[in-house]
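To be precise, the following lines are protein-v5.csv, and they hold CSV, C-alpha atoms.
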chain,number,residue,atom,x,y,z
A,1,MET,CA,-25.1,6.7,11.7
A,2,ASP,CA,-27.6,4.2,13.1
A,3,ASP,CA,-27.6,0.4,12.3
A,4,THR,CA,-30.0,0.8,9.3
A,5,GLU,CA,-27.9,3.5,7.7
A,6,LEU,CA,-24.7,1.5,8.4
A,7,LEU,CA,-26.2,-1.6,6.8
A,8,GLU,CA,-27.3,0.4,3.7
A,9,ALA,CA,-23.9,2.1,3.4
A,10,THR,CA,-22.2,-1.3,3.7
A,11,ARG,CA,-24.4,-2.7,0.9
A,12,ARG,CA,-23.7,0.3,-1.4
A,13,LEU,CA,-20.0,0.0,-0.6
A,14,SER,CA,-19.8,-3.7,-1.4
A,15,LYS,CA,-21.6,-3.0,-4.7
A,16,SER,CA,-19.3,-0.1,-5.6
A,17,LEU,CA,-15.9,-1.7,-4.9
A,18,THR,CA,-15.9,-4.7,-7.3
A,19,ALA,CA,-12.2,-5.0,-8.4
A,20,GLY,CA,-11.0,-4.5,-11.9
A,21,ASP,CA,-7.6,-3.4,-13.2
A,22,LEU,CA,-5.7,-1.2,-10.8
A,23,ASP,CA,-6.6,2.2,-12.4
A,24,LEU,CA,-10.3,1.3,-12.6
A,25,THR,CA,-10.2,0.1,-9.0
A,26,LEU,CA,-8.7,3.3,-7.7
A,27,GLY,CA,-11.4,5.3,-9.6
A,28,ARG,CA,-14.1,3.2,-8.1
A,29,ILE,CA,-12.7,3.8,-4.6
A,30,THR,CA,-12.7,7.6,-4.9
A,31,ALA,CA,-16.2,7.6,-6.5
A,32,ALA,CA,-17.5,5.3,-3.8
A,33,ALA,CA,-16.0,7.5,-1.1
A,34,VAL,CA,-18.0,10.5,-2.3
A,35,GLU,CA,-21.2,8.4,-2.6
A,36,VAL,CA,-21.0,6.3,0.6
A,37,LEU,CA,-19.0,8.2,3.3
A,38,PRO,CA,-20.8,11.0,5.1
A,39,GLU,CA,-19.7,14.6,4.5
A,40,VAL,CA,-17.2,13.7,1.7
A,41,GLU,CA,-17.5,16.0,-1.3
A,42,TYR,CA,-14.3,15.2,-3.1
A,43,ALA,CA,-11.8,12.4,-2.9
A,44,SER,CA,-8.4,11.3,-4.4
A,45,ILE,CA,-5.7,8.9,-3.7
A,46,THR,CA,-2.0,9.7,-3.1
A,47,VAL,CA,0.5,7.1,-4.1
A,48,LYS,CA,4.1,7.3,-2.7
A,49,HIS,CA,6.5,5.5,-5.0
A,50,SER,CA,9.7,3.7,-4.0
A,51,ASP,CA,11.8,6.7,-5.0
A,52,GLY,CA,9.8,9.0,-2.7
A,53,ARG,CA,7.8,10.6,-5.5
A,54,LEU,CA,4.2,11.4,-4.6
A,55,GLU,CA,1.4,11.2,-7.3
A,56,THR,CA,-2.3,11.8,-7.3
A,57,ALA,CA,-4.6,9.2,-8.7
A,58,ALA,CA,-8.3,9.1,-9.5
A,59,PRO,CA,-9.4,12.5,-8.3
A,60,THR,CA,-13.1,13.1,-8.4
A,61,ASP,CA,-12.7,16.7,-9.2
A,62,ASP,CA,-10.0,18.7,-11.1
A,63,LEU,CA,-9.7,21.0,-8.1
A,64,LEU,CA,-7.8,18.3,-6.3
A,65,TRP,CA,-4.8,18.3,-8.7
A,66,GLY,CA,-3.8,21.6,-7.3
A,67,VAL,CA,-4.8,20.9,-3.7
A,68,ASP,CA,-2.8,17.6,-3.6
A,69,ALA,CA,0.2,19.2,-5.4
A,70,ALA,CA,0.3,21.9,-2.7
A,71,GLN,CA,0.6,19.3,0.0
A,72,TYR,CA,3.5,17.5,-1.9
A,73,GLU,CA,5.3,20.7,-2.4
A,74,LEU,CA,4.9,22.0,1.1
A,75,GLN,CA,5.3,18.5,2.6
A,76,GLU,CA,2.4,19.0,5.0
A,77,GLY,CA,-1.3,18.3,5.0
A,78,PRO,CA,-3.5,15.3,5.9
A,79,CYS,CA,-2.9,13.4,2.6
A,80,TYR,CA,0.8,14.0,2.7
A,81,GLU,CA,1.0,12.7,6.3
A,82,ALA,CA,-1.1,9.7,5.7
A,83,ALA,CA,0.9,8.6,2.6
A,84,THR,CA,4.3,9.2,4.2
A,85,ASP,CA,4.0,8.8,7.9
A,86,SER,CA,0.8,8.4,10.0
A,87,VAL,CA,-1.9,5.8,9.3
A,88,HIS,CA,-4.9,8.2,9.6
A,89,VAL,CA,-4.9,12.0,9.9
A,90,LEU,CA,-8.2,13.9,10.6
A,91,SER,CA,-8.5,17.7,10.3
A,92,PRO,CA,-12.1,18.8,10.9
A,93,ASP,CA,-11.2,22.5,10.8
A,94,LEU,CA,-8.2,23.2,8.5
A,95,ALA,CA,-8.3,26.9,9.1
A,96,SER,CA,-7.4,26.5,12.8
A,97,ASP,CA,-5.2,23.4,12.4
A,98,ALA,CA,-1.8,24.3,13.7
A,99,ARG,CA,-0.2,21.2,12.1
A,100,PHE,CA,-0.6,22.5,8.6
A,101,PRO,CA,-0.4,26.3,8.6
A,102,ARG,CA,1.0,26.8,5.1
A,103,TYR,CA,-1.1,24.2,3.4
A,104,ALA,CA,-4.3,25.1,5.2
A,105,ALA,CA,-4.2,28.7,3.9
A,106,SER,CA,-4.1,27.4,0.3
A,107,ALA,CA,-6.8,24.8,0.8
A,108,VAL,CA,-9.2,27.2,2.6
A,109,ALA,CA,-8.7,29.7,-0.2
A,110,VAL,CA,-10.2,27.2,-2.7
A,111,GLY,CA,-13.1,26.2,-0.4
A,112,ILE,CA,-11.7,23.1,1.4
A,113,ALA,CA,-12.7,23.4,5.1
A,114,ALA,CA,-12.1,19.9,6.4
A,115,GLN,CA,-10.0,17.0,5.3
A,116,ALA,CA,-9.0,13.4,6.2
A,117,GLY,CA,-6.1,11.2,5.0
A,118,LEU,CA,-6.6,7.5,5.5
A,119,ARG,CA,-3.7,5.0,4.8
A,120,LEU,CA,-5.0,2.4,2.2
A,121,PHE,CA,-2.0,0.2,1.5
A,122,ASP,CA,1.6,-0.5,2.3
A,123,ALA,CA,3.2,-2.4,-0.6
A,124,PRO,CA,6.9,-3.3,-1.0
A,125,LYS,CA,7.4,-0.6,-3.6
A,126,SER,CA,4.7,2.0,-2.8
A,127,GLN,CA,2.3,3.3,-0.2
A,128,GLY,CA,-1.1,4.8,-0.7
A,129,ALA,CA,-3.6,7.1,1.1
A,130,LEU,CA,-7.2,8.0,0.5
A,131,ASN,CA,-7.8,11.7,0.7
A,132,LEU,CA,-11.2,13.0,1.7
A,133,TYR,CA,-12.3,16.6,1.4
A,134,SER,CA,-15.3,18.6,2.6
A,135,LYS,CA,-16.4,22.2,2.3
A,136,THR,CA,-18.0,22.1,5.7
A,137,VAL,CA,-16.1,22.9,9.0
A,138,GLY,CA,-16.4,20.0,11.5
A,139,SER,CA,-16.5,17.2,9.0
A,140,PHE,CA,-14.5,14.0,9.6
A,141,GLY,CA,-14.3,14.5,13.4
A,142,ASP,CA,-14.9,10.8,13.7
A,143,LEU,CA,-15.4,8.6,10.6
A,144,GLY,CA,-16.4,5.7,12.9
A,145,VAL,CA,-17.1,2.1,11.8
A,146,ILE,CA,-18.0,3.0,8.2
A,147,GLY,CA,-14.6,4.7,7.8
A,148,VAL,CA,-12.8,1.6,9.0
A,149,LEU,CA,-15.0,-0.7,6.8
A,150,PHE,CA,-14.4,1.5,3.8
A,151,THR,CA,-10.6,1.4,4.1
A,152,HIS,CA,-10.6,-2.3,4.7
A,153,GLN,CA,-12.7,-3.1,1.7
A,154,SER,CA,-10.8,-0.7,-0.5
A,155,ALA,CA,-7.5,-2.3,0.5
A,156,MET,CA,-8.8,-5.7,-0.4
A,157,ALA,CA,-9.9,-4.4,-3.8
A,158,ILE,CA,-6.5,-2.9,-4.4
A,159,ASP,CA,-4.7,-6.1,-3.4
A,160,TYR,CA,-6.9,-8.1,-5.8
A,161,ALA,CA,-6.3,-5.5,-8.6
A,162,ARG,CA,-2.6,-5.8,-8.0
A,163,GLU,CA,-2.8,-9.6,-8.4
A,164,ILE,CA,-4.6,-9.2,-11.7
A,165,SER,CA,-2.0,-6.7,-12.9
A,166,ASN,CA,0.9,-8.9,-11.9
A,167,LEU,CA,-0.7,-11.8,-13.6
A,168,GLN,CA,-1.3,-9.8,-16.8
A,169,ASP,CA,2.4,-8.6,-16.7
A,170,ALA,CA,3.6,-12.2,-16.3
A,171,LEU,CA,1.5,-13.4,-19.2
A,172,ARG,CA,2.7,-10.5,-21.4
A,173,THR,CA,6.3,-11.3,-20.4
A,174,ARG,CA,5.9,-15.0,-21.2
A,175,ARG,CA,4.3,-14.2,-24.5
A,176,THR,CA,7.1,-11.8,-25.5
A,177,ILE,CA,9.8,-14.3,-24.6
A,178,GLY,CA,8.0,-17.0,-26.5
A,179,GLN,CA,7.9,-14.7,-29.6
A,180,ALA,CA,11.6,-14.0,-29.3
A,181,ILE,CA,12.4,-17.7,-29.1
A,182,GLY,CA,10.4,-18.4,-32.2
A,183,ILE,CA,12.2,-15.6,-34.1
A,184,LEU,CA,15.6,-17.1,-33.1
A,185,MET,CA,14.5,-20.6,-34.0
A,186,GLU,CA,13.5,-19.4,-37.5
A,187,ARG,CA,16.5,-17.1,-38.1
A,188,CYS,CA,19.3,-19.4,-36.7
A,189,THR,CA,17.8,-22.8,-37.1
A,190,LEU,CA,17.9,-23.4,-33.4
A,191,THR,CA,15.9,-25.7,-31.1
A,192,ASP,CA,13.7,-23.9,-28.6
A,193,GLN,CA,16.1,-24.8,-25.8
A,194,ARG,CA,19.1,-23.4,-27.7
A,195,ALA,CA,17.2,-20.3,-28.6
A,196,PHE,CA,16.3,-19.7,-25.0
A,197,ALA,CA,19.9,-20.2,-23.9
A,198,PHE,CA,21.0,-17.7,-26.5
A,199,LEU,CA,18.5,-15.1,-25.2
A,200,ALA,CA,19.7,-15.8,-21.6
A,201,ARG,CA,23.4,-15.2,-22.6
A,202,LEU,CA,22.4,-11.9,-24.3
A,203,SER,CA,20.6,-10.9,-21.1
A,204,GLN,CA,23.5,-11.8,-18.9
A,205,HIS,CA,26.3,-10.2,-21.1
A,206,GLY,CA,24.4,-7.0,-21.6
A,207,ASN,CA,23.1,-6.9,-18.0
A,208,VAL,CA,19.6,-6.4,-19.4
A,209,LYS,CA,16.5,-8.2,-18.2
A,210,LEU,CA,15.4,-11.2,-20.3
A,211,ASN,CA,12.1,-9.6,-21.1
A,212,ARG,CA,13.7,-6.4,-22.3
A,213,VAL,CA,16.1,-8.3,-24.6
A,214,SER,CA,13.0,-10.2,-26.0
A,215,GLU,CA,11.1,-7.0,-26.5
A,216,GLU,CA,13.9,-5.5,-28.5
A,217,LEU,CA,14.3,-8.6,-30.7
A,218,VAL,CA,10.5,-8.7,-31.4
A,219,ALA,CA,10.5,-5.0,-32.2
A,220,ASP,CA,13.4,-5.5,-34.6
A,221,ALA,CA,11.7,-8.3,-36.3
A,222,ASP,CA,8.5,-6.2,-36.7
A,223,ARG,CA,10.5,-3.4,-38.2
A,224,ILE,CA,12.2,-5.6,-40.7
A,225,GLY,CA,8.9,-7.1,-41.6
A,226,GLU,CA,7.4,-3.7,-42.2
A,227,GLU,CA,10.3,-2.7,-44.4
A,228,ARG,CA,9.9,-5.8,-46.5
A,229,LEU,CA,6.2,-5.1,-47.0
A,230,LYS,CA,7.0,-1.6,-48.2
A,231,LYS,CA,9.5,-2.9,-50.7
A,232,ASP,CA,7.0,-5.5,-52.0
Hey, can you dump this file as structure tokens for me?
Amino acid sequence: MDDTELLEATRRLSKSLTAGDLDLTLGRITAAAVEVLPEVEYASITVKHSDGRLETAAPTDDLLWGVDAAQYELQEGPCYEAATDSVHVLSPDLASDARFPRYAASAVAVGIAAQAGLRLFDAPKSQGALNLYSKTVGSFGDLGVIGVLFTHQSAMAIDYAREISNLQDALRTRRTIGQAIGILMERCTLTDQRAFAFLARLSQHGNVKLNRVSEELVADADRIGEERLKKD
């Protein structure tokens, strides 16, 4: 890729990877991989959760559900390695790649000839890798500067999306606790401080998170309200 092509790819990449919520961001990353990166025909993201479970996100083609699942089941393949162990794994010719004999047979059978797994993020509770697929032998021998740039910008978009998600969760939690405090104030004629203290005691005695106690109280109030409406 010459300087002009690299500049154009960078421009398209920057335009494609505007962050939204996390699911939307992951979808934009895989779509941009197919559009911007050379030789990429399909893309998906593998997420490794804190319990070790592997999950596919945002595949650009339904074919990848089975391809990714085969790697998780066999515990081999570029995307499995990138999500669980190595940072980047390139396999320009799967059929002759001695590292993944069992997986390669199933991938080649459905038309996947070359593959790359690129680590995208390492979070406290999860890890993620970008999976790139090609039907052409020899692809991904060297992703070069554009590959590094892509993973860097993708990781930044994911970090921003996580911040948005965490903020939204915090706002929802705060709103739910506030609703629960209001219910207790009305039911038990309590001040807001005493209502919060009562919620905190319920949380501590039941060994249940404060937000969960609040959710249950709000849900119970909604149920009672609906029953009253039906009777009226």
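CA of Arg174 in chain A to CA of Ser214 in chain A spans 9.8 Å [interatomic distance, one decimal].
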* To do: Could you check which of A:Val47, A:Ala221, A:Ala113, A:Leu132 is closest to Pro78 in chain A, using all atoms listed in the file?
  => A:Leu132
Exercise: Gln75 in chain A partners within 12 Å, only C-alpha atoms, chain neighbours under 2 positions left out, as a short mmCIF file (atom, residue, chain, number, x, y, z; two decimals) with C-alpha atoms, in the coordinates of the input:
data_model
loop_
_atom_site.label_atom_id
_atom_site.label_comp_id
_atom_site.auth_asym_id
_atom_site.auth_seq_id
_atom_site.Cartn_x
_atom_site.Cartn_y
_atom_site.Cartn_z
CA GLY A 52 9.80 9.00 -2.70
CA ARG A 53 7.80 10.60 -5.50
CA LEU A 54 4.20 11.40 -4.60
CA ASP A 68 -2.80 17.60 -3.60
CA ALA A 69 0.20 19.20 -5.40
CA ALA A 70 0.30 21.90 -2.70
CA GLN A 71 0.60 19.30 0.00
CA TYR A 72 3.50 17.50 -1.90
CA GLU A 73 5.30 20.70 -2.40
CA GLY A 77 -1.30 18.30 5.00
CA PRO A 78 -3.50 15.30 5.90
CA CYS A 79 -2.90 13.40 2.60
CA TYR A 80 0.80 14.00 2.70
CA GLU A 81 1.00 12.70 6.30
CA ALA A 82 -1.10 9.70 5.70
CA ALA A 83 0.90 8.60 2.60
CA THR A 84 4.30 9.20 4.20
CA ASP A 85 4.00 8.80 7.90
CA ARG A 99 -0.20 21.20 12.10
CA PHE A 100 -0.60 22.50 8.60
CA PRO A 101 -0.40 26.30 8.60
CA ARG A 102 1.00 26.80 5.10
CA TYR A 103 -1.10 24.20 3.40
CA ALA A 104 -4.30 25.10 5.20
#
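The interatomic distance for the pair CA of Thr60 in chain A and CA of Ala33 in chain A works out to 9.6 Å.
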* To do: Identify, on the basis of only C-alpha atoms, every residue whose closest approach to Leu64 in chain A does not exceed 12 Å; exclude the query and any residue fewer than 4 positions from it along the same chain; express the result as JSON, numbers by chain.
  => {"A": [30, 41, 42, 43, 44, 45, 46, 55, 56, 57, 58, 59, 60, 68, 69, 70, 71, 79, 106, 107, 110, 111, 112, 115, 131, 132, 133, 134]}
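Interatomic distance, CA of Gln127 in chain A against CA of Val87 in chain A: 10.7 Å.
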* Which of these residues is nearest to Ile181 in chain A, using only C-alpha atoms: A:Ser126, A:Ser50, A:Thr25, A:Gln193? ->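 Among the listed residues, A:Gln193 lies closest to Ile181 in chain A.
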* Could you give me, as a ChimeraX atom specification, the residues within 12 Å of Ser203 in chain A, counting all atoms listed in the file and dropping anything in the same chain fewer than 5 positions from it? => /A:177,196-198,208-217
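Restricting the calculation to only C-alpha atoms, the smallest distance between Leu74 in chain A and any of A:Ala195, A:Lys48, A:Leu90, A:Ala105 is found for A:Ala105.
Ranking A:Val108, A:Asp51, A:Val89, A:Leu199 by their shortest atom-to-atom distance to Lys125 in chain A, with only C-alpha atoms included, puts A:Asp51 first.
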